[in-house]
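**Q** Data: coords_7.csv, CSV, C-alpha atoms and all ligand atoms.
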```csv
chain,number,residue,atom,x,y,z
R,1,MET,CA,0.0,0.0,0.0
R,2,ALA,CA,1.3,3.4,-0.9
R,3,LEU,CA,1.5,5.7,2.1
R,4,LEU,CA,2.7,8.6,0.0
R,5,GLU,CA,1.8,10.0,-3.4
R,6,VAL,CA,3.2,12.9,-5.5
R,7,ARG,CA,1.0,15.9,-5.7
R,8,GLU,CA,1.7,19.3,-7.2
R,9,ALA,CA,3.2,20.6,-3.9
R,10,GLY,CA,5.3,17.4,-3.5
R,11,LEU,CA,5.0,14.3,-1.3
R,12,TYR,CA,1.6,13.9,0.2
R,13,CYS,CA,0.2,11.3,2.7
R,14,PRO,CA,-3.5,10.8,2.1
R,15,ALA,CA,-4.1,8.8,5.3
R,16,GLY,CA,-2.7,11.6,7.4
R,17,ASP,CA,-3.6,14.5,5.2
R,18,PHE,CA,-0.2,16.2,5.3
R,19,HIS,CA,2.6,17.0,2.9
R,20,ILE,CA,6.3,16.5,3.6
R,21,ASP,CA,8.6,19.4,2.6
R,22,PRO,CA,6.0,21.0,0.2
R,23,SER,CA,7.2,23.4,-2.4
R,24,LEU,CA,3.8,25.2,-2.4
R,25,PRO,CA,1.6,26.4,0.5
R,26,VAL,CA,-0.5,23.6,2.0
R,27,ASP,CA,-2.6,23.1,5.2
R,28,ARG,CA,-0.2,20.9,7.1
R,29,ALA,CA,3.5,20.7,6.3
R,30,LEU,CA,5.9,18.3,8.0
R,31,ILE,CA,9.4,19.6,7.5
R,32,THR,CA,12.6,17.5,7.4
R,33,HIS,CA,14.9,20.5,7.8
R,34,ALA,CA,15.2,24.3,7.4
R,35,HIS,CA,17.1,24.5,4.1
R,36,SER,CA,15.2,26.6,1.6
R,37,ASP,CA,14.5,23.8,-0.8
R,38,HIS,CA,12.7,21.8,1.9
R,39,ALA,CA,11.1,24.6,4.0
R,40,SER,CA,9.0,27.0,1.9
R,41,ALA,CA,6.8,29.6,3.3
R,42,GLY,CA,3.0,30.0,3.2
R,43,SER,CA,1.7,26.8,4.7
R,44,ARG,CA,-0.9,27.0,7.5
R,45,ASP,CA,0.7,24.6,10.0
R,46,TYR,CA,4.3,23.4,10.3
R,47,LEU,CA,5.7,20.5,12.3
R,48,THR,CA,9.4,19.7,12.6
R,49,ALA,CA,11.8,18.1,15.1
R,50,SER,CA,12.6,20.2,18.2
R,51,PRO,CA,16.3,20.9,17.6
R,52,GLY,CA,15.4,22.4,14.2
R,53,GLY,CA,12.6,24.7,15.4
R,54,GLY,CA,14.8,27.7,15.8
R,55,LEU,CA,16.3,27.4,12.3
R,56,LEU,CA,12.8,26.9,10.8
R,57,ARG,CA,11.5,30.0,12.7
R,58,ALA,CA,14.4,32.0,11.3
R,59,ARG,CA,13.6,30.8,7.8
R,60,LEU,CA,9.8,31.3,7.9
R,61,GLY,CA,9.5,34.3,10.2
R,62,ASP,CA,7.6,35.2,13.4
R,63,ASP,CA,4.1,34.6,12.0
R,64,ALA,CA,4.5,31.0,10.9
R,65,ALA,CA,2.6,28.4,13.0
R,66,ILE,CA,5.4,26.0,13.9
R,67,GLN,CA,5.0,23.1,16.3
R,68,VAL,CA,8.0,21.0,17.3
R,69,GLU,CA,8.3,17.4,18.6
R,70,PRO,CA,11.4,15.7,20.0
R,71,TYR,CA,13.1,13.0,18.0
R,72,GLY,CA,11.5,9.6,18.4
R,73,ALA,CA,8.2,11.0,19.9
R,74,ALA,CA,5.1,9.1,18.6
R,75,ILE,CA,2.7,11.5,16.9
R,76,ARG,CA,-0.8,10.7,15.7
R,77,ILE,CA,-1.9,12.6,12.6
R,78,GLY,CA,-5.2,11.4,11.1
R,79,ASP,CA,-4.9,7.7,10.6
R,80,VAL,CA,-1.1,7.5,10.7
R,81,ASN,CA,1.7,7.3,13.3
R,82,VAL,CA,4.5,9.7,12.6
R,83,SER,CA,7.9,10.2,14.2
R,84,PHE,CA,11.0,12.2,13.5
R,85,HIS,CA,14.5,10.6,13.5
R,86,PRO,CA,17.9,12.2,13.2
R,87,ALA,CA,19.2,12.5,9.6
R,88,GLY,CA,22.7,13.8,10.4
R,89,HIS,CA,22.4,16.5,7.7
R,90,ILE,CA,22.2,19.7,9.7
R,91,LEU,CA,20.9,20.7,13.2
R,92,GLY,CA,17.4,19.3,13.7
R,93,SER,CA,17.3,17.5,10.3
R,94,SER,CA,15.0,14.5,10.3
R,95,GLN,CA,14.0,11.4,8.5
R,96,ILE,CA,10.2,11.2,8.8
R,97,ARG,CA,8.7,7.8,9.6
R,98,ILE,CA,5.1,7.1,8.7
R,99,GLU,CA,3.2,4.0,9.8
R,100,HIS,CA,-0.2,3.0,8.7
R,101,ALA,CA,-2.0,-0.4,9.0
R,102,GLY,CA,1.3,-2.2,9.5
R,103,GLU,CA,3.1,-0.5,6.6
R,104,VAL,CA,6.1,1.7,7.3
R,105,TRP,CA,7.6,4.4,5.0
R,106,VAL,CA,10.6,6.6,5.8
R,107,VAL,CA,11.3,9.9,4.0
R,108,SER,CA,15.0,10.7,4.4
R,109,GLY,CA,15.0,14.4,3.7
R,110,ASP,CA,18.7,15.1,3.2
R,111,TYR,CA,21.1,13.0,5.2
R,112,LYS,CA,24.6,11.9,5.7
R,113,LEU,CA,26.2,9.1,7.7
R,114,ALA,CA,29.6,10.9,8.4
R,115,PRO,CA,30.1,12.3,11.9
R,116,ASP,CA,29.2,16.0,12.4
R,117,PRO,CA,29.5,17.5,15.9
R,118,THR,CA,26.8,20.1,15.1
R,119,CYS,CA,23.9,17.7,14.8
R,120,GLU,CA,22.7,14.3,16.0
R,121,PRO,CA,24.0,11.3,14.0
R,122,PHE,CA,21.9,9.6,11.4
R,123,GLU,CA,19.7,6.9,12.9
R,124,PRO,CA,18.9,3.9,10.7
R,125,VAL,CA,15.1,3.3,10.7
R,126,GLY,CA,13.7,0.1,9.3
R,127,CYS,CA,10.9,0.4,6.8
R,128,HIS,CA,9.1,-1.2,3.8
R,129,THR,CA,9.7,1.8,1.6
R,130,PHE,CA,12.6,4.2,1.9
R,131,VAL,CA,12.3,7.6,0.1
R,132,THR,CA,15.9,8.6,-0.4
R,133,GLU,CA,17.6,11.8,-1.6
R,134,SER,CA,20.2,11.3,-4.3
R,135,THR,CA,22.0,14.7,-4.4
R,136,PHE,CA,25.4,13.0,-4.9
R,137,GLY,CA,24.1,9.8,-6.3
R,138,LEU,CA,27.0,9.0,-8.7
R,139,PRO,CA,29.9,6.7,-7.9
R,140,ILE,CA,32.4,9.6,-8.4
R,141,PHE,CA,31.2,11.2,-5.2
R,142,ARG,CA,33.2,9.8,-2.3
R,143,TRP,CA,34.1,12.1,0.6
R,144,ASN,CA,37.3,12.2,2.6
R,145,ASP,CA,37.1,12.6,6.4
R,146,ALA,CA,35.6,15.9,7.3
R,147,ALA,CA,38.3,16.4,9.9
R,148,GLN,CA,41.0,16.1,7.2
R,149,THR,CA,39.2,18.6,5.0
R,150,ILE,CA,38.8,21.1,7.9
R,151,ASP,CA,42.5,20.7,8.6
R,152,GLU,CA,43.3,21.6,5.0
R,153,ILE,CA,41.2,24.7,5.5
R,154,GLN,CA,43.2,25.5,8.6
R,155,GLN,CA,46.5,25.1,6.7
R,156,TRP,CA,45.3,27.3,3.9
R,157,TRP,CA,44.4,30.0,6.4
R,158,LEU,CA,47.9,29.8,8.0
R,159,ALA,CA,49.6,29.9,4.6
R,160,ASN,CA,47.6,33.0,3.6
R,161,GLN,CA,48.5,34.7,6.9
R,162,GLN,CA,52.2,34.1,6.1
R,163,ALA,CA,51.6,35.7,2.6
R,164,ASP,CA,49.8,38.6,4.1
R,165,ARG,CA,46.5,38.0,2.5
R,166,ALA,CA,43.1,37.4,3.9
R,167,SER,CA,41.3,34.0,3.6
R,168,ILE,CA,37.7,34.3,2.4
R,169,LEU,CA,35.8,31.0,2.7
R,170,PHE,CA,32.4,30.7,1.2
R,171,ALA,CA,30.1,28.2,2.9
R,172,TYR,CA,26.4,27.7,3.1
R,173,PRO,CA,25.2,29.6,6.2
R,174,ILE,CA,23.1,26.8,7.6
R,175,GLY,CA,25.0,23.6,8.4
R,176,LYS,CA,28.2,23.9,6.4
R,177,ALA,CA,29.5,27.0,8.0
R,178,GLN,CA,28.9,25.6,11.5
R,179,ARG,CA,30.4,22.2,10.7
R,180,ILE,CA,33.6,24.0,9.6
R,181,LEU,CA,33.7,26.5,12.5
R,182,SER,CA,33.2,23.7,15.1
R,183,GLY,CA,36.4,22.0,13.8
R,184,LEU,CA,38.6,25.0,13.2
R,185,ASP,CA,41.2,26.3,15.7
R,186,ALA,CA,39.9,29.9,15.9
R,187,THR,CA,42.9,31.0,18.1
R,188,ALA,CA,44.8,31.4,14.8
R,189,GLY,CA,42.6,34.4,14.5
R,190,PRO,CA,41.2,36.9,13.7
R,191,LEU,CA,38.0,35.2,12.7
R,192,ILE,CA,35.4,37.3,10.9
R,193,ILE,CA,31.9,35.8,10.5
R,194,HIS,CA,29.6,37.3,7.9
R,195,GLU,CA,26.3,38.4,9.5
R,196,PRO,CA,24.0,36.0,7.7
R,197,VAL,CA,26.2,33.1,9.0
R,198,GLU,CA,26.5,34.5,12.6
R,199,ARG,CA,22.7,34.8,12.7
R,200,TYR,CA,22.4,31.0,12.4
R,201,ASN,CA,25.4,30.4,14.6
R,202,ALA,CA,23.5,32.1,17.4
R,203,ILE,CA,20.7,29.6,16.9
R,204,TYR,CA,23.2,26.7,17.0
R,205,ARG,CA,24.7,28.0,20.2
R,206,GLY,CA,21.2,28.2,21.7
R,207,GLN,CA,20.9,24.4,21.0
R,208,GLY,CA,24.2,23.8,22.9
R,209,ILE,CA,26.5,23.6,19.9
R,210,ALA,CA,29.9,25.2,20.7
R,211,LEU,CA,31.0,27.6,18.0
R,212,PRO,CA,33.7,30.2,18.1
R,213,LEU,CA,32.6,33.8,18.4
R,214,PRO,CA,33.6,36.3,15.7
R,215,GLY,CA,36.7,38.5,16.6
R,216,GLU,CA,37.3,42.2,16.2
R,217,ALA,CA,37.5,43.0,12.5
R,218,THR,CA,40.7,45.0,12.3
R,219,ASP,CA,43.6,42.9,11.0
R,220,PHE,CA,42.1,41.9,7.7
R,221,ALA,CA,45.3,40.5,6.2
R,222,ARG,CA,45.5,37.7,8.8
R,223,ALA,CA,41.8,37.1,9.0
R,224,LEU,CA,39.7,34.1,8.0
R,225,ALA,CA,36.2,35.3,6.9
R,226,VAL,CA,33.4,32.7,6.8
R,227,VAL,CA,31.0,34.1,4.3
R,228,SER,CA,27.7,33.2,2.8
R,229,PRO,CA,28.0,32.4,-1.0
R,230,SER,CA,25.4,35.1,-1.7
R,231,ALA,CA,28.0,37.7,-0.8
R,232,GLN,CA,30.3,36.7,-3.7
R,233,GLY,CA,31.3,39.8,-5.7
R,234,SER,CA,29.7,42.1,-3.1
R,235,GLN,CA,31.0,45.4,-1.8
R,236,TRP,CA,31.3,43.9,1.7
R,237,LEU,CA,34.2,41.8,0.5
R,238,ARG,CA,36.3,44.8,-0.6
R,239,ARG,CA,37.5,45.5,2.9
R,240,PHE,CA,39.7,42.4,2.8
R,241,GLY,CA,42.0,43.8,0.0
R,242,GLN,CA,44.4,41.0,-1.0
R,243,ALA,CA,42.6,37.8,-0.4
R,244,SER,CA,42.6,34.1,-1.3
R,245,THR,CA,39.1,32.8,-1.9
R,246,ALA,CA,37.7,29.3,-1.4
R,247,PHE,CA,34.4,27.4,-1.4
R,248,ALA,CA,33.5,24.4,0.8
R,249,SER,CA,31.0,22.1,-0.8
R,250,GLY,CA,30.5,18.6,-2.2
R,251,TRP,CA,30.3,20.2,-5.6
R,252,MET,CA,34.0,21.0,-5.4
R,253,ARG,CA,34.6,17.4,-6.2
R,254,ILE,CA,33.9,18.3,-9.8
R,255,ARG,CA,35.9,21.0,-11.5
R,256,GLY,CA,33.2,23.0,-13.2
R,257,PRO,CA,31.6,24.8,-10.2
R,258,ARG,CA,34.9,26.0,-8.9
R,259,ARG,CA,36.0,27.4,-12.2
R,260,ARG,CA,32.7,29.1,-12.8
R,261,ARG,CA,33.0,30.8,-9.4
R,262,SER,CA,36.7,31.7,-10.2
R,263,LEU,CA,37.9,30.5,-6.8
R,264,ASP,CA,41.5,29.9,-5.7
R,265,ARG,CA,40.6,26.8,-3.7
R,266,GLY,CA,37.8,24.3,-3.5
R,267,PHE,CA,37.4,22.2,-0.3
R,268,VAL,CA,35.3,19.1,-0.8
R,269,LEU,CA,33.0,19.0,2.2
R,270,SER,CA,29.4,17.9,1.9
R,271,ASP,CA,26.5,17.5,4.3
R,272,HIS,CA,24.9,14.9,2.0
R,273,ALA,CA,25.6,11.2,1.8
R,274,ASP,CA,28.2,10.2,-0.8
R,275,TRP,CA,27.7,7.3,-3.1
R,276,PRO,CA,28.8,4.5,-0.7
R,277,ALA,CA,26.8,6.1,2.2
R,278,LEU,CA,23.6,6.3,0.1
R,279,LEU,CA,23.9,2.6,-0.7
R,280,GLN,CA,24.6,1.8,3.0
R,281,ALA,CA,21.6,3.8,4.2
R,282,ILE,CA,19.3,2.1,1.7
R,283,ASP,CA,20.7,-1.3,2.7
R,284,GLN,CA,20.3,-0.6,6.4
R,285,SER,CA,16.7,0.5,6.0
R,286,GLY,CA,15.8,-3.0,4.9
R,287,ALA,CA,13.3,-1.5,2.5
R,288,GLU,CA,12.0,-3.7,-0.4
R,289,GLN,CA,11.0,-0.6,-2.3
R,290,VAL,CA,13.1,2.6,-2.7
R,291,TRP,CA,11.8,5.9,-4.0
R,292,VAL,CA,14.6,8.1,-5.3
R,293,THR,CA,14.3,11.9,-5.4
R,294,HIS,CA,16.4,15.0,-5.3
R,295,GLY,CA,19.5,14.9,-7.4
R,296,TYR,CA,21.1,12.1,-9.6
R,297,VAL,CA,17.9,10.1,-9.6
R,298,ALA,CA,18.3,8.0,-12.7
R,299,PRO,CA,21.8,6.6,-12.0
R,300,LEU,CA,20.8,5.4,-8.5
R,301,VAL,CA,17.5,4.0,-9.7
R,302,ARG,CA,19.4,2.0,-12.4
R,303,TRP,CA,22.0,0.8,-10.0
R,304,LEU,CA,19.3,-0.5,-7.5
R,305,THR,CA,17.2,-2.0,-10.2
R,306,GLU,CA,20.1,-3.9,-11.6
R,307,ARG,CA,20.5,-5.4,-8.2
R,308,GLY,CA,17.0,-6.6,-7.9
R,309,LYS,CA,15.6,-3.7,-5.8
R,310,GLN,CA,12.2,-2.2,-6.6
R,311,ALA,CA,13.4,1.4,-7.3
R,312,VAL,CA,11.2,4.2,-8.4
R,313,ALA,CA,12.2,7.7,-9.8
R,314,VAL,CA,10.1,10.3,-8.1
R,315,GLU,CA,9.9,13.7,-9.9
R,316,LEU,CA,9.3,16.5,-7.5
R,317,LYS,CA,8.9,20.1,-8.6
R,318,PRO,CA,12.4,21.6,-8.6
R,319,PRO,CA,12.9,23.9,-5.6
R,320,ALA,CA,13.3,27.6,-6.2
R,321,GLU,CA,16.7,27.6,-4.7
R,322,GLU,CA,19.2,24.8,-3.9
R,323,GLU,CA,21.2,24.9,-0.8
R,324,GLU,CA,23.9,22.7,-2.2
R,401,ZN,ZN,19.5,20.2,3.0
R,402,ZN,ZN,17.9,19.2,-0.1
```
I'd like the structure from this file rewritten - as structure tokens, please.

**A**
Amino acid sequence: MALLEVREAGLYCPAGDFHIDPSLPVDRALITHAHSDHASAGSRDYLTASPGGGLLRARLGDDAAIQVEPYGAAIRIGDVNVSFHPAGHILGSSQIRIEHAGEVWVVSGDYKLAPDPTCEPFEPVGCHTFVTESTFGLPIFRWNDAAQTIDEIQQWWLANQQADRASILFAYPIGKAQRILSGLDATAGPLIIHEPVERYNAIYRGQGIALPLPGEATDFARALAVVSPSAQGSQWLRRFGQASTAFASGWMRIRGPRRRRSLDRGFVLSDHADWPALLQAIDQSGAEQVWVTHGYVAPLVRWLTERGKQAVAVELKPPAEEEE
């Protein structure tokens, strides 16, 4: 029995009368996490996991009706049992488990299996149907240890200091920036945190995640600036004068994005599962059916089908803006 169907606004559960991560306004929206391609404004009621409530509030504004539930709590909506389980993607990110008449479906949202001190680790949840993202669903995507990549960022900063130039690091302001900041040695200072990033850092600190505070912005030549990608080419960046620029993203694995952004460095750091982790999560779910959405859908569907899995490509309306 299909617990979900695809409607214009996205994934819809008829037995519970709710959408998951709808791209259009609906009555009841269950939100896996606060990234803009999953949390769009205008719905009447929102429900998300407790640790992500603050981020969702920042995204949707003061007027949004947001209810939160702790991870693992059993929630009854219409005829279905619902619960949120950590997805390991960003603070408060969830997989959403739906149970109805003995049938269990899990919607992964975005997820990763790699350790990240800024959010709870991914929890494998058994199900009959697993709805998986596939943002990096190609065998070429394999991540190194995040700790190693963050150390490379630290070394890049130190080398720039010795050459008297600032280090400007572009990182997505929800999730990526905090993951990097939590692993950096900020005493190498000064550390300058772009306001759109610091705004979310404050929410992370409110959830007990230790993050370094921005320093006094005076010695620009020795500074590391952690900056939202939206500031690329902006007036704000001029103050740094001579600077080396870098971007931290899974997309830095392929050459094109880095060249297009004319960056000096690209650090491969993703908050999504790489190819082996996607396969591992699918395997651990025990699901006999897999719905694939969000990214390189066709290659993953083909790979699973060739191995005897029942895999379905699910076309959702492309989000207005991608986080990664
Ligand atoms: Zn996301
Ligand atoms: Zn996403």

**Q** Just the residues within 7 Å of stretch 164-180 of chain R, please, counting only C-alpha atoms, with nothing from its chain fewer than 4 positions along; format it as JSON, numbers by chain.

**A** {"R": [90, 91, 116, 118, 150, 157, 160, 184, 196, 197, 200, 201, 220, 221, 222, 223, 224, 225, 226, 227, 228, 229, 240, 242, 243, 244, 245, 246, 247, 248, 271]}

**Q** Atom CA of R:Pro257 and atom CA of R:Leu300 are how many Å apart?

**A**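 Separation between atom CA of R:Pro257 and atom CA of R:Leu300: 22.3 Å.
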
**Q** Could you list, with a cut-off of 10 Å and counting only C-alpha atoms and all ligand atoms, the residues of chain R near ligand ZN 402 (chain R), each shown with its nearest atom pair and the distance in Å rounded to one decimal, rows sorted by chain and ascending number, as a Markdown table?

**A**
```
| residue | atom | partner | partner_atom | distance |
| --- | --- | --- | --- | --- |
| R:Asp21 | CA | R:ZN402 | ZN | 9.7 |
| R:Thr32 | CA | R:ZN402 | ZN | 9.3 |
| R:His33 | CA | R:ZN402 | ZN | 8.5 |
| R:Ala34 | CA | R:ZN402 | ZN | 9.5 |
| R:His35 | CA | R:ZN402 | ZN | 6.8 |
| R:Ser36 | CA | R:ZN402 | ZN | 8.1 |
| R:Asp37 | CA | R:ZN402 | ZN | 5.8 |
| R:His38 | CA | R:ZN402 | ZN | 6.1 |
| R:Ala39 | CA | R:ZN402 | ZN | 9.6 |
| R:His89 | CA | R:ZN402 | ZN | 9.4 |
| R:Gly109 | CA | R:ZN402 | ZN | 6.8 |
| R:Asp110 | CA | R:ZN402 | ZN | 5.3 |
| R:Tyr111 | CA | R:ZN402 | ZN | 8.8 |
| R:Glu133 | CA | R:ZN402 | ZN | 7.6 |
| R:Ser134 | CA | R:ZN402 | ZN | 9.2 |
| R:Thr135 | CA | R:ZN402 | ZN | 7.5 |
| R:Asp271 | CA | R:ZN402 | ZN | 9.8 |
| R:His272 | CA | R:ZN402 | ZN | 8.5 |
| R:Thr293 | CA | R:ZN402 | ZN | 9.7 |
| R:His294 | CA | R:ZN402 | ZN | 6.9 |
| R:Gly295 | CA | R:ZN402 | ZN | 8.6 |
| R:Pro319 | CA | R:ZN402 | ZN | 8.8 |
| R:Glu321 | CA | R:ZN402 | ZN | 9.7 |
| R:Glu322 | CA | R:ZN402 | ZN | 6.9 |
| R:Glu323 | CA | R:ZN402 | ZN | 6.6 |
| R:Glu324 | CA | R:ZN402 | ZN | 7.3 |
```

**Q** Enter the distance from atom CA of R:Gln162 to atom CA of R:Arg253, in Å, rounded to one decimal.

**A**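 Between these atoms lies a distance of 27.2 Å.
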
**Q** Applying 6 Å and only C-alpha atoms, which residues near stretch 275-288 of chain R remain after dropping the ones on its own chain fewer than 4 positions away? List them as a list in words.

**A**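 Answer for this query is Val125, Gly126, Cys127, His128, Thr129, Phe130, Gly137, Leu138, Pro139 and Phe141 of chain R.
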
**Q** With distances taken over only C-alpha atoms, which residue among R:Ile77, R:Ile66, R:Leu56, R:Ile193 lies nearest R:Gly16?

**A** R:Ile77

**Q** Which value, in Å to one decimal, gives the distance between atom CA of R:Asp219 and atom CA of R:Arg239?

**A** 10.5 Å

**Q** Using all atoms listed in the file, which protein or nucleic acid residues come within 12 Å of R:Val68? Drop anything in the same chain fewer than 2 positions from it, and give the result as a PyMOL selection string.

**A** chain R and resi 29-33+45-57+65-66+70-73+75+83-84+92+94

**Q** Could you tell me, as a ChimeraX atom specification, which residues have any atom at most 8 Å from (0.2, 7.9, 11.9), counting all atoms listed in the file?

**A** /R:15-16,75-82,98-100

**Q** Counting only C-alpha atoms and all ligand atoms, which residue out of R:Gly88, R:Asp62, R:Pro25, R:Val6 sits closest to ligand ZN 401 (chain R)?

**A**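 For ligand ZN 401 (chain R), the nearest of the candidates is R:Gly88.
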
**Q** Hey, what's within 9 Å of R:Val131 if we count all atoms listed in the file and toss same-chain stuff fewer than 6 positions away? As a PyMOL selection string, please?

**A** chain R and resi 105-109+289-293+314

**Q** Kindly indicate which residue among R:Glu120, R:Gly61, R:Ala146, R:Gly189 lies nearest to R:Gly208, using only C-alpha atoms for the distances.

**A**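 Closest to R:Gly208, using only C-alpha atoms: R:Glu120.
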
**Q** Have a look at R:Lys112, R:Arg97, R:Arg44, R:Arg28 and name the one nearest to ligand ZN 401 (chain R); count all atoms listed in the file.

**A**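 Smallest distance to ligand ZN 401 (chain R) is found for R:Lys112.
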
**Q** Provide stretch 141-166 of chain R rebuilt to N, CA and C atoms, formatted as a short mmCIF file (atom, residue, chain, number, x, y, z; two decimals), keeping the file's coordinate frame.

**A**
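part_3.cif, written as the output of this step:
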```
data_model
loop_
_atom_site.label_atom_id
_atom_site.label_comp_id
_atom_site.auth_asym_id
_atom_site.auth_seq_id
_atom_site.Cartn_x
_atom_site.Cartn_y
_atom_site.Cartn_z
N PHE R 141 31.22 10.39 -6.47
CA PHE R 141 31.20 11.20 -5.20
C PHE R 141 31.50 10.32 -4.03
N ARG R 142 32.69 10.53 -3.51
CA ARG R 142 33.20 9.80 -2.30
C ARG R 142 33.92 10.86 -1.48
N TRP R 143 33.52 10.99 -0.24
CA TRP R 143 34.10 12.10 0.60
C TRP R 143 35.26 11.53 1.43
N ASN R 144 36.27 12.41 1.62
CA ASN R 144 37.30 12.20 2.60
C ASN R 144 36.70 12.48 4.00
N ASP R 145 37.46 12.16 5.04
CA ASP R 145 37.10 12.60 6.40
C ASP R 145 36.91 14.06 6.47
N ALA R 146 35.83 14.50 7.10
CA ALA R 146 35.60 15.90 7.30
C ALA R 146 36.75 16.57 8.07
N ALA R 147 37.25 15.83 9.07
CA ALA R 147 38.30 16.40 9.90
C ALA R 147 39.55 16.70 9.08
N GLN R 148 39.82 15.84 8.11
CA GLN R 148 41.00 16.10 7.20
C GLN R 148 40.75 17.32 6.37
N THR R 149 39.55 17.47 5.85
CA THR R 149 39.20 18.60 5.00
C THR R 149 39.31 19.92 5.83
N ILE R 150 38.80 19.87 7.06
CA ILE R 150 38.80 21.10 7.90
C ILE R 150 40.28 21.42 8.25
N ASP R 151 41.13 20.41 8.41
CA ASP R 151 42.50 20.70 8.60
C ASP R 151 43.18 21.33 7.41
N GLU R 152 42.77 20.93 6.23
CA GLU R 152 43.30 21.60 5.00
C GLU R 152 42.86 23.06 4.98
N ILE R 153 41.66 23.33 5.45
CA ILE R 153 41.20 24.70 5.50
C ILE R 153 42.07 25.51 6.48
N GLN R 154 42.38 24.89 7.63
CA GLN R 154 43.20 25.50 8.60
C GLN R 154 44.63 25.85 8.02
N GLN R 155 45.17 24.89 7.31
CA GLN R 155 46.50 25.10 6.70
C GLN R 155 46.50 26.17 5.65
N TRP R 156 45.43 26.21 4.89
CA TRP R 156 45.30 27.30 3.90
C TRP R 156 45.23 28.64 4.52
N TRP R 157 44.52 28.74 5.63
CA TRP R 157 44.40 30.00 6.40
C TRP R 157 45.84 30.42 6.86
N LEU R 158 46.56 29.47 7.44
CA LEU R 158 47.90 29.80 8.00
C LEU R 158 48.84 30.22 6.84
N ALA R 159 48.77 29.55 5.71
CA ALA R 159 49.60 29.90 4.60
C ALA R 159 49.29 31.30 4.06
N ASN R 160 48.02 31.62 4.05
CA ASN R 160 47.60 33.00 3.60
C ASN R 160 48.09 34.03 4.59
N GLN R 161 48.04 33.72 5.88
CA GLN R 161 48.50 34.70 6.90
C GLN R 161 50.01 34.99 6.61
N GLN R 162 50.78 33.93 6.30
CA GLN R 162 52.20 34.10 6.10
C GLN R 162 52.44 34.96 4.81
N ALA R 163 51.52 34.89 3.87
CA ALA R 163 51.60 35.70 2.60
C ALA R 163 50.92 37.00 2.73
N ASP R 164 50.48 37.37 3.93
CA ASP R 164 49.80 38.60 4.10
C ASP R 164 48.55 38.83 3.29
N ARG R 165 47.79 37.78 3.16
CA ARG R 165 46.50 38.00 2.50
C ARG R 165 45.40 37.28 3.30
N ALA R 166 44.24 37.89 3.19
CA ALA R 166 43.10 37.40 3.90
C ALA R 166 42.60 36.07 3.30
#
```
